[in-house]
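A.B. asks: So here's entry.cif, just mmCIF, C-alpha atoms and all ligand atoms:
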```cif
data_data
#
loop_
_atom_site.label_atom_id
_atom_site.label_comp_id
_atom_site.auth_asym_id
_atom_site.auth_seq_id
_atom_site.Cartn_x
_atom_site.Cartn_y
_atom_site.Cartn_z
CA MET B 1 -43.44 -20.17 0.95
CA SER B 2 -41.18 -17.20 1.47
CA HIS B 3 -40.86 -17.66 5.18
CA TYR B 4 -40.11 -20.13 7.92
CA PRO B 5 -40.36 -23.10 8.09
CA ALA B 6 -40.17 -23.59 4.31
CA LEU B 7 -37.44 -21.02 4.08
CA ARG B 8 -34.47 -21.87 6.27
CA LEU B 9 -31.33 -19.85 5.52
CA ARG B 10 -29.32 -22.26 7.67
CA ARG B 11 -29.94 -25.03 5.12
CA THR B 12 -27.13 -23.94 2.78
CA ARG B 13 -24.78 -23.47 5.73
CA ALA B 14 -25.15 -27.01 7.03
CA SER B 15 -22.01 -28.51 5.46
CA GLY B 16 -18.60 -27.42 4.28
CA TRP B 17 -19.17 -28.30 0.61
CA SER B 18 -22.38 -26.29 0.60
CA ARG B 19 -20.81 -23.26 2.28
CA ARG B 20 -18.08 -23.36 -0.36
CA LEU B 21 -20.66 -23.67 -3.13
CA HIS B 22 -22.61 -20.68 -1.86
CA ALA B 23 -19.69 -18.38 -1.06
CA GLU B 24 -20.34 -15.00 -2.68
CA THR B 25 -16.74 -13.86 -2.34
CA VAL B 26 -13.42 -15.66 -2.55
CA LEU B 27 -9.97 -14.70 -1.37
CA THR B 28 -6.98 -16.05 -3.30
CA PRO B 29 -3.24 -15.31 -3.16
CA ALA B 30 -3.74 -13.38 -6.42
CA ASP B 31 -5.60 -10.74 -4.38
CA LEU B 32 -2.57 -9.87 -2.28
CA VAL B 33 0.19 -7.28 -2.55
CA TRP B 34 3.04 -7.69 -0.06
CA PRO B 35 4.71 -4.49 1.26
CA LEU B 36 8.47 -4.88 1.87
CA PHE B 37 10.95 -2.54 3.57
CA VAL B 38 14.40 -2.21 2.00
CA VAL B 39 17.59 -1.33 3.90
CA GLU B 40 21.20 -0.88 2.78
CA GLY B 41 23.76 -3.67 2.94
CA LYS B 42 23.99 -7.34 2.16
CA GLY B 43 22.56 -10.21 4.16
CA VAL B 44 20.86 -7.70 6.49
CA GLU B 45 17.61 -8.37 8.33
CA GLN B 46 16.38 -5.76 10.80
CA PRO B 47 13.23 -6.69 12.73
CA ILE B 48 10.85 -3.76 13.34
CA ALA B 49 9.79 -3.74 16.99
CA SER B 50 6.39 -2.11 16.44
CA LEU B 51 5.61 -4.49 13.55
CA PRO B 52 6.32 -7.90 15.09
CA GLY B 53 7.08 -10.44 12.38
CA VAL B 54 8.07 -7.79 9.81
CA SER B 55 11.68 -6.90 9.01
CA ARG B 56 13.64 -4.56 6.82
CA TRP B 57 15.73 -6.57 4.33
CA SER B 58 18.72 -5.68 2.22
CA VAL B 59 18.22 -6.01 -1.53
CA ASP B 60 19.28 -9.68 -1.60
CA GLY B 61 16.68 -10.44 1.07
CA ILE B 62 14.03 -8.52 -0.87
CA VAL B 63 14.73 -10.74 -3.89
CA ALA B 64 14.42 -13.85 -1.70
CA ARG B 65 11.10 -12.58 -0.28
CA ALA B 66 9.79 -11.91 -3.80
CA LYS B 67 10.64 -15.49 -4.77
CA GLU B 68 8.65 -16.73 -1.77
CA ALA B 69 5.78 -14.50 -2.86
CA ARG B 70 5.92 -15.83 -6.41
CA ASP B 71 6.00 -19.44 -5.24
CA LEU B 72 2.82 -18.85 -3.24
CA GLY B 73 1.00 -17.09 -6.07
CA ILE B 74 1.28 -13.50 -4.77
CA PRO B 75 1.36 -11.34 -7.93
CA CYS B 76 2.97 -8.16 -6.65
CA VAL B 77 5.22 -6.65 -3.98
CA ALA B 78 5.31 -3.02 -2.80
CA LEU B 79 8.63 -1.41 -1.88
CA PHE B 80 9.46 1.14 0.82
CA PRO B 81 13.00 2.25 1.59
CA TYR B 82 14.69 2.95 4.91
CA THR B 83 16.98 5.84 4.00
CA GLN B 84 20.14 6.36 6.07
CA PRO B 85 19.92 9.66 8.02
CA ASP B 86 22.91 11.14 6.14
CA ARG B 87 21.03 10.73 2.86
CA ARG B 88 17.95 12.61 4.09
CA SER B 89 17.57 16.31 3.35
CA ASP B 90 15.01 19.10 3.49
CA ASP B 91 14.17 18.59 -0.19
CA GLY B 92 14.37 14.78 -0.18
CA ARG B 93 16.62 14.82 -3.23
CA GLU B 94 17.76 11.23 -2.62
CA ALA B 95 14.36 10.27 -4.11
CA LEU B 96 15.74 11.37 -7.49
CA ASN B 97 19.04 9.48 -7.26
CA PRO B 98 18.97 6.83 -10.03
CA ASP B 99 21.04 4.58 -7.80
CA ASN B 100 19.06 5.01 -4.58
CA LEU B 101 18.03 2.00 -2.54
CA MET B 102 14.60 1.88 -4.15
CA CYS B 103 16.04 1.77 -7.68
CA GLN B 104 18.60 -0.86 -6.66
CA ALA B 105 15.79 -3.03 -5.29
CA ILE B 106 13.57 -2.52 -8.36
CA ARG B 107 16.40 -3.48 -10.73
CA ALA B 108 17.36 -6.53 -8.67
CA LEU B 109 13.74 -7.72 -8.56
CA LYS B 110 13.10 -7.19 -12.27
CA ASP B 111 16.33 -9.02 -13.01
CA ALA B 112 15.78 -12.01 -10.70
CA VAL B 113 11.99 -12.35 -10.46
CA PRO B 114 10.51 -10.50 -13.46
CA GLU B 115 7.22 -12.37 -13.14
CA VAL B 116 6.40 -10.56 -9.88
CA GLY B 117 4.97 -7.03 -10.23
CA VAL B 118 6.80 -4.23 -8.45
CA LEU B 119 4.74 -1.40 -6.96
CA THR B 120 6.65 1.67 -5.81
CA ASP B 121 5.51 4.39 -3.45
CA VAL B 122 5.85 7.97 -4.67
CA ALA B 123 6.18 10.48 -1.81
CA LEU B 124 9.16 12.18 -0.24
CA ASP B 125 8.74 11.12 3.41
CA PRO B 126 11.38 8.35 3.39
CA TYR B 127 13.90 10.91 2.09
CA THR B 128 13.12 14.16 3.93
CA SER B 129 14.80 15.28 7.14
CA HIS B 130 11.40 16.51 8.40
CA GLY B 131 9.39 13.37 7.58
CA HIS B 132 6.78 15.13 5.43
CA ASP B 133 5.74 13.84 2.01
CA GLY B 134 6.75 17.05 0.20
CA LEU B 135 8.63 20.33 0.27
CA LEU B 136 7.92 22.75 3.12
CA ASP B 137 7.58 26.53 3.01
CA ALA B 138 8.86 28.73 5.83
CA ALA B 139 5.69 28.13 7.84
CA GLY B 140 6.02 24.34 7.54
CA TYR B 141 3.21 23.98 4.98
CA VAL B 142 3.72 21.36 2.26
CA ILE B 143 3.91 23.28 -1.04
CA ASN B 144 1.65 21.54 -3.53
CA ASP B 145 2.86 22.44 -7.01
CA MET B 146 6.59 22.38 -6.36
CA THR B 147 6.21 19.05 -4.59
CA ALA B 148 4.21 17.65 -7.51
CA GLU B 149 7.10 18.51 -9.85
CA VAL B 150 9.54 16.59 -7.67
CA LEU B 151 7.13 13.65 -7.47
CA VAL B 152 7.03 13.52 -11.27
CA ALA B 153 10.82 13.23 -11.30
CA GLN B 154 10.66 10.58 -8.55
CA ALA B 155 8.11 8.57 -10.54
CA LEU B 156 10.22 8.77 -13.70
CA ASN B 157 13.25 7.65 -11.72
CA GLN B 158 11.36 4.58 -10.47
CA ALA B 159 9.92 3.83 -13.92
CA ALA B 160 13.38 4.03 -15.49
CA ALA B 161 14.59 1.45 -12.95
CA GLY B 162 11.74 -0.87 -13.99
CA ALA B 163 8.80 -0.21 -11.64
CA ASP B 164 5.54 -1.72 -12.90
CA ILE B 165 3.06 0.26 -10.80
CA ILE B 166 3.69 3.80 -9.61
CA ALA B 167 1.71 4.44 -6.43
CA PRO B 168 1.66 8.10 -5.37
CA SER B 169 0.85 8.22 -1.65
CA ASP B 170 1.47 11.93 -1.09
CA MET B 171 -2.06 13.39 -1.63
CA MET B 172 -0.85 16.47 -3.54
CA ASP B 173 -3.47 17.92 -5.90
CA GLY B 174 -2.90 17.29 -9.60
CA ARG B 175 -0.01 14.87 -9.35
CA ILE B 176 -1.68 11.93 -11.09
CA GLY B 177 -2.19 13.83 -14.35
CA LEU B 178 1.32 15.26 -14.23
CA ILE B 179 2.87 11.84 -13.60
CA ARG B 180 0.73 10.20 -16.32
CA ASP B 181 1.79 12.85 -18.87
CA ALA B 182 5.44 12.46 -17.97
CA LEU B 183 5.27 8.64 -18.20
CA GLU B 184 3.64 8.88 -21.65
CA ARG B 185 6.25 11.37 -22.86
CA ASP B 186 9.00 9.13 -21.54
CA SER B 187 7.61 6.06 -23.39
CA HIS B 188 6.52 4.31 -20.19
CA ILE B 189 3.09 3.76 -21.67
CA ASN B 190 2.50 0.47 -19.85
CA VAL B 191 3.66 1.62 -16.44
CA GLN B 192 0.50 1.71 -14.33
CA ILE B 193 -0.55 4.26 -11.75
CA MET B 194 -2.31 3.08 -8.60
CA SER B 195 -3.30 6.26 -6.88
CA TYR B 196 -3.57 6.46 -3.12
CA ALA B 197 -6.75 8.41 -3.90
CA ALA B 198 -8.57 8.33 -0.57
CA LYS B 199 -5.77 8.42 1.94
CA TYR B 200 -6.75 9.58 5.39
CA ALA B 201 -4.74 11.41 8.04
CA SER B 202 -4.74 8.35 10.25
CA GLY B 203 -3.44 7.26 13.62
CA PHE B 204 -2.73 3.83 12.13
CA TYR B 205 0.54 4.67 10.33
CA GLY B 206 2.86 4.73 13.36
CA PRO B 207 4.70 1.43 12.87
CA PHE B 208 5.25 2.21 9.16
CA ARG B 209 6.97 5.44 10.14
CA ASP B 210 9.26 3.41 12.41
CA ALA B 211 9.97 1.07 9.50
CA VAL B 212 11.04 3.85 7.13
CA GLY B 213 12.68 5.83 9.95
CA SER B 214 10.51 8.93 9.76
CA ARG B 215 8.59 8.73 13.04
CA GLY B 216 11.10 10.61 15.15
CA LEU B 217 11.64 13.18 12.40
CA LEU B 218 8.05 14.07 11.63
CA LYS B 219 7.11 17.53 12.81
CA GLY B 220 3.38 18.00 13.35
CA ASP B 221 0.90 15.92 11.40
CA LYS B 222 -0.19 15.40 7.78
CA LYS B 223 -3.68 16.86 8.06
CA THR B 224 -3.11 19.63 5.49
CA TYR B 225 -2.74 17.02 2.74
CA GLN B 226 -4.19 13.69 3.91
CA MET B 227 -7.98 13.45 4.25
CA ASP B 228 -10.14 14.09 7.30
CA PRO B 229 -11.54 10.77 8.62
CA ALA B 230 -14.91 12.54 8.91
CA ASN B 231 -15.35 12.72 5.14
CA TRP B 232 -16.71 10.34 2.52
CA GLN B 233 -18.02 12.63 -0.25
CA GLU B 234 -14.58 14.13 -0.53
CA ALA B 235 -13.20 10.61 -1.06
CA LEU B 236 -15.43 10.22 -4.11
CA ARG B 237 -14.19 13.53 -5.48
CA GLU B 238 -10.58 12.48 -4.94
CA VAL B 239 -11.21 9.20 -6.74
CA GLU B 240 -13.03 10.89 -9.61
CA LEU B 241 -10.22 13.37 -10.15
CA ASP B 242 -7.50 10.71 -10.03
CA LEU B 243 -9.36 8.47 -12.50
CA ASP B 244 -9.90 11.47 -14.82
CA GLU B 245 -6.21 12.26 -14.58
CA GLY B 246 -5.29 8.74 -15.70
CA ALA B 247 -5.05 6.49 -12.64
CA ASP B 248 -5.46 2.83 -13.61
CA SER B 249 -6.63 1.88 -10.14
CA VAL B 250 -7.31 3.65 -6.87
CA MET B 251 -6.58 2.87 -3.27
CA VAL B 252 -8.40 3.46 -0.02
CA LYS B 253 -6.20 3.71 3.07
CA PRO B 254 -6.30 2.66 5.91
CA GLY B 255 -8.38 -0.47 5.37
CA LEU B 256 -10.77 -1.88 7.94
CA PRO B 257 -11.98 1.41 9.47
CA TYR B 258 -12.77 2.58 5.91
CA LEU B 259 -14.69 -0.36 4.39
CA ASP B 260 -17.61 2.00 3.82
CA ILE B 261 -15.40 4.17 1.62
CA ILE B 262 -14.33 1.13 -0.43
CA THR B 263 -17.93 0.17 -1.07
CA ARG B 264 -19.00 3.70 -1.94
CA VAL B 265 -16.10 4.05 -4.37
CA LYS B 266 -16.84 0.68 -5.95
CA ASP B 267 -20.53 1.55 -6.31
CA ALA B 268 -19.75 4.92 -7.91
CA PHE B 269 -16.94 4.01 -10.33
CA GLU B 270 -16.23 1.10 -12.64
CA ALA B 271 -12.57 0.98 -11.67
CA PRO B 272 -10.32 -1.39 -9.72
CA VAL B 273 -10.20 -0.48 -6.03
CA PHE B 274 -7.47 -1.60 -3.65
CA ALA B 275 -7.20 -1.30 0.10
CA TYR B 276 -4.11 -0.87 2.23
CA GLN B 277 -4.43 -2.77 5.50
CA VAL B 278 -1.87 -0.52 7.13
CA SER B 279 0.83 -1.04 9.71
CA GLY B 280 -1.27 -0.07 12.72
CA GLU B 281 -3.98 -2.50 11.69
CA TYR B 282 -1.40 -5.27 11.36
CA ALA B 283 0.07 -4.36 14.75
CA MET B 284 -3.39 -4.38 16.33
CA ILE B 285 -4.05 -7.91 15.08
CA GLU B 286 -0.64 -9.10 16.26
CA ALA B 287 -1.18 -7.49 19.68
CA ALA B 288 -4.54 -9.24 20.00
CA VAL B 289 -2.93 -12.54 19.05
CA ALA B 290 -0.10 -12.02 21.55
CA ALA B 291 -2.66 -11.25 24.26
CA GLY B 292 -4.51 -14.48 23.52
CA ALA B 293 -7.53 -12.48 22.39
CA ALA B 294 -7.62 -13.62 18.77
CA ASP B 295 -6.67 -16.54 16.55
CA ARG B 296 -4.25 -15.14 13.98
CA ASP B 297 -5.16 -17.44 11.09
CA ALA B 298 -8.87 -16.81 11.51
CA VAL B 299 -8.71 -13.02 11.81
CA VAL B 300 -6.19 -12.63 9.01
CA LEU B 301 -8.34 -14.52 6.53
CA GLU B 302 -11.54 -12.91 7.80
CA THR B 303 -10.27 -9.34 7.50
CA LEU B 304 -8.83 -9.95 4.03
CA LEU B 305 -12.05 -11.56 2.85
CA ALA B 306 -13.94 -8.55 4.20
CA PHE B 307 -11.99 -6.31 1.81
CA LYS B 308 -13.03 -8.51 -1.11
CA ARG B 309 -16.67 -8.43 0.01
CA ALA B 310 -16.52 -4.64 0.34
CA GLY B 311 -15.49 -4.42 -3.32
CA CYS B 312 -11.71 -4.61 -3.49
CA SER B 313 -9.76 -6.10 -6.36
CA GLY B 314 -6.89 -6.66 -3.96
CA VAL B 315 -5.28 -5.73 -0.67
CA LEU B 316 -1.86 -4.50 0.38
CA THR B 317 -1.16 -6.35 3.62
CA TYR B 318 1.83 -7.24 5.79
CA HIS B 319 0.07 -10.57 6.35
CA ALA B 320 0.26 -11.40 2.62
CA LEU B 321 2.76 -14.25 2.89
CA HIS B 322 1.04 -15.78 5.90
CA ALA B 323 -2.36 -15.51 4.23
CA ALA B 324 -1.06 -17.05 1.00
CA ARG B 325 0.36 -19.98 2.99
CA LEU B 326 -2.98 -20.48 4.73
CA LEU B 327 -4.80 -20.35 1.40
CA ALA B 328 -2.39 -22.90 -0.06
CA GLY B 329 -3.67 -25.20 2.70
C1 LIG B 401 4.06 7.56 2.88
C2 LIG B 401 3.26 6.39 3.25
C3 LIG B 401 2.72 6.09 4.52
C4 LIG B 401 2.18 4.81 4.41
C5 LIG B 401 2.36 4.37 3.09
N1 LIG B 401 3.02 5.37 2.39
C6 LIG B 401 2.78 6.81 5.81
C7 LIG B 401 2.26 8.17 5.91
O1 LIG B 401 1.52 8.65 5.06
O2 LIG B 401 2.63 8.81 6.89
C8 LIG B 401 1.56 4.05 5.54
C9 LIG B 401 1.51 2.58 5.40
C10 LIG B 401 1.30 1.85 6.68
O3 LIG B 401 1.04 2.42 7.75
O4 LIG B 401 1.40 0.61 6.62
N2 LIG B 401 3.51 8.58 2.21
#
```
Please lay out the structure from this file as structure tokens.
C.D. replies:
Amino acid sequence: MSHYPALRLRRTRASGWSRRLHAETVLTPADLVWPLFVVEGKGVEQPIASLPGVSRWSVDGIVARAKEARDLGIPCVALFPYTQPDRRSDDGREALNPDNLMCQAIRALKDAVPEVGVLTDVALDPYTSHGHDGLLDAAGYVINDMTAEVLVAQALNQAAAGADIIAPSDMMDGRIGLIRDALERDSHINVQIMSYAAKYASGFYGPFRDAVGSRGLLKGDKKTYQMDPANWQEALREVELDLDEGADSVMVKPGLPYLDIITRVKDAFEAPVFAYQVSGEYAMIEAAVAAGAADRDAVVLETLLAFKRAGCSGVLTYHALHAARLLAG
């Protein structure tokens, strides 16, 4: 009985109701985190050429976007600032300014749309004049321990403004434990940490660097701190360390080229795993759509569902609003 013709796997696929009934994985708007780029001013929208369909918004626009997200059931937005060149410095000290653009946006969101979670990126690259995520020594190497201290201060600055999830994306060793300790000491016991635990030195971040204005500034690459795409065992070690240090959830980044990492992490740890479908992945889909090579709605929903199937609790994606609209029907 366990083979053809009695066994026909096409039987359950024969109608829409049956495919729905047998779906092993579902995608809902509650699985999505929407990354947003913040710029100074009021009533400002700046389209980003390399990310067609994505703009930088001034704080008022960010609040409007978060309301759209809420109305479509998206639980959380992620914030990234475009820092004016005159506020960038070698040490990225603008990251610690309690009134920087990031903090203004966090406060405005928590004031106007408190029911939407706010995830904030911890790393110095939007604030440094050299585009690296930390402090450089004379040879241009990112200094781990001094950078980690600054990241702690950056995280506390964001938490004080009202951030719900602190998401360190810098890949310094030891920073999760240091940030967790500091949050506890500062009474931010319910501020979560989503660690960019397995973040690879990827060619897919280009449009993001345009969006935060660091592409032209970046000297060299980030290979001395971000992971080698050749490695998967090292990803498990990164995840284990970050969970031990107090991360509430971990992220794998980029997304689609690293689905194997997501599944390995999910198999090895009983912890929430998120993926970041990054800017270059978004741009690749949009380029395929523009070339007539792909149907946007189909590939957006298919790629996001693939993250769920691989083991993700949720996905950071620039397609979040579009996907939520499609899911709303
Ligand atoms: C900064 C950071 C980057 C991204 C998220 N946080 C870029 C980088 O590491 O150079 C990339 C996100 C994307 O490409 O969409 N540390």
A.B. asks: Could you pull the residues within 7 Å of stretch 102-117 of chain B, counting only C-alpha atoms, minus those fewer than 5 positions along the same chain, as a list in words?
C.D. replies: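 So, after excluding close chain neighbours, the residues are Val59, Val63, Lys67, Arg70, Pro75, Cys76, Val77, Pro81, Gln158, Ala161, Gly162, Ala163 and Asp164 of chain B.
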A.B. asks: List as a tab-separated table every residue of chain B that is in contact with ligand LIG 401 (chain B), defined as an atom at most 7 Å from one of its atoms (using only C-alpha atoms and all ligand atoms), together with the nearest atom pair and the distance in Å rounded to one decimal, sorted by chain and then rising number.
C.D. replies:
```
residue	atom	partner	partner_atom	distance
B:Asp121	CA	B:LIG401	N1	6.4
B:Ala123	CA	B:LIG401	N2	5.2
B:Asp125	CA	B:LIG401	C1	5.9
B:Asp133	CA	B:LIG401	N2	5.7
B:Ser169	CA	B:LIG401	N2	4.7
B:Asp170	CA	B:LIG401	N2	5.1
B:Phe204	CA	B:LIG401	O3	5.9
B:Tyr205	CA	B:LIG401	O3	3.5
B:Gly206	CA	B:LIG401	O3	6.3
B:Pro207	CA	B:LIG401	O3	6.4
B:Phe208	CA	B:LIG401	O3	4.4
B:Arg209	CA	B:LIG401	C6	6.2
B:Gln277	CA	B:LIG401	O4	6.8
B:Val278	CA	B:LIG401	O4	3.5
B:Ser279	CA	B:LIG401	O4	3.5
B:Gly280	CA	B:LIG401	O3	6.0
```
A.B. asks: Can those selected residues be exported to a file as a PDB file, in the coordinates of the input so that it contains C-alpha atoms?
C.D. replies:
```pdb
ATOM      1  CA  ASP B 121       5.510   4.390  -3.450  1.00  0.00           C
ATOM      2  CA  ALA B 123       6.180  10.480  -1.810  1.00  0.00           C
ATOM      3  CA  ASP B 125       8.740  11.120   3.410  1.00  0.00           C
ATOM      4  CA  ASP B 133       5.740  13.840   2.010  1.00  0.00           C
ATOM      5  CA  SER B 169       0.850   8.220  -1.650  1.00  0.00           C
ATOM      6  CA  ASP B 170       1.470  11.930  -1.090  1.00  0.00           C
ATOM      7  CA  PHE B 204      -2.730   3.830  12.130  1.00  0.00           C
ATOM      8  CA  TYR B 205       0.540   4.670  10.330  1.00  0.00           C
ATOM      9  CA  GLY B 206       2.860   4.730  13.360  1.00  0.00           C
ATOM     10  CA  PRO B 207       4.700   1.430  12.870  1.00  0.00           C
ATOM     11  CA  PHE B 208       5.250   2.210   9.160  1.00  0.00           C
ATOM     12  CA  ARG B 209       6.970   5.440  10.140  1.00  0.00           C
ATOM     13  CA  GLN B 277      -4.430  -2.770   5.500  1.00  0.00           C
ATOM     14  CA  VAL B 278      -1.870  -0.520   7.130  1.00  0.00           C
ATOM     15  CA  SER B 279       0.830  -1.040   9.710  1.00  0.00           C
ATOM     16  CA  GLY B 280      -1.270  -0.070  12.720  1.00  0.00           C
TER      17      GLY B 280
END
```
A.B. asks: From the options B:Ile74, B:Ala160, B:Leu51, B:Met146, which residue's atoms come nearest to B:Glu286, counting all atoms listed in the file?
C.D. replies: B:Leu51
A.B. asks: Using all atoms listed in the file, which residues sit within 12 Å of B:Glu245 once same-chain residues fewer than 3 positions away are excluded, as a list in words?
C.D. replies: Asp173, Gly174, Arg175, Ile176, Gly177, Leu178, Ile179, Arg180, Asp181, Ile193, Met194, Ser195, Ala197, Glu238, Val239, Glu240, Leu241, Asp242, Asp248, Ser249 and Val250 of chain B
A.B. asks: If I take atom CA of B:Tyr141 and atom CA of B:Ala230, how far is one from the other in Å, to one decimal?
C.D. replies: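 Atom CA of B:Ala230 lies 21.8 Å from atom CA of B:Tyr141.
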A.B. asks: Name the closest residue to B:Gly311 among the candidates B:Val252, B:Ala324, B:Met172, B:Val122; distances are taken between atoms, counting all atoms listed in the file.
C.D. replies: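 Of B:Val252, B:Ala324, B:Met172, B:Val122, the one nearest B:Gly311, counting all atoms listed in the file, is B:Val252.
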A.B. asks: Looking at B:Leu101, B:Ile165, B:Ala69, B:Val299, which one is nearest to B:Glu40, with distances taken over all atoms listed in the file?
C.D. replies: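 Among the listed residues, the smallest separation from B:Glu40 belongs to B:Leu101.
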A.B. asks: Provide the atom CA of B:Ala283 to atom CA of B:Asp295 distance in Å, to one decimal place.
C.D. replies: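 Those two atoms sit 14.0 Å apart.
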A.B. asks: Work out how far apart atom CA of B:Tyr276 and atom CA of B:Met251 are and give it in Å to one decimal.
C.D. replies: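 One can read the atom CA of B:Tyr276 to atom CA of B:Met251 distance as 7.1 Å.
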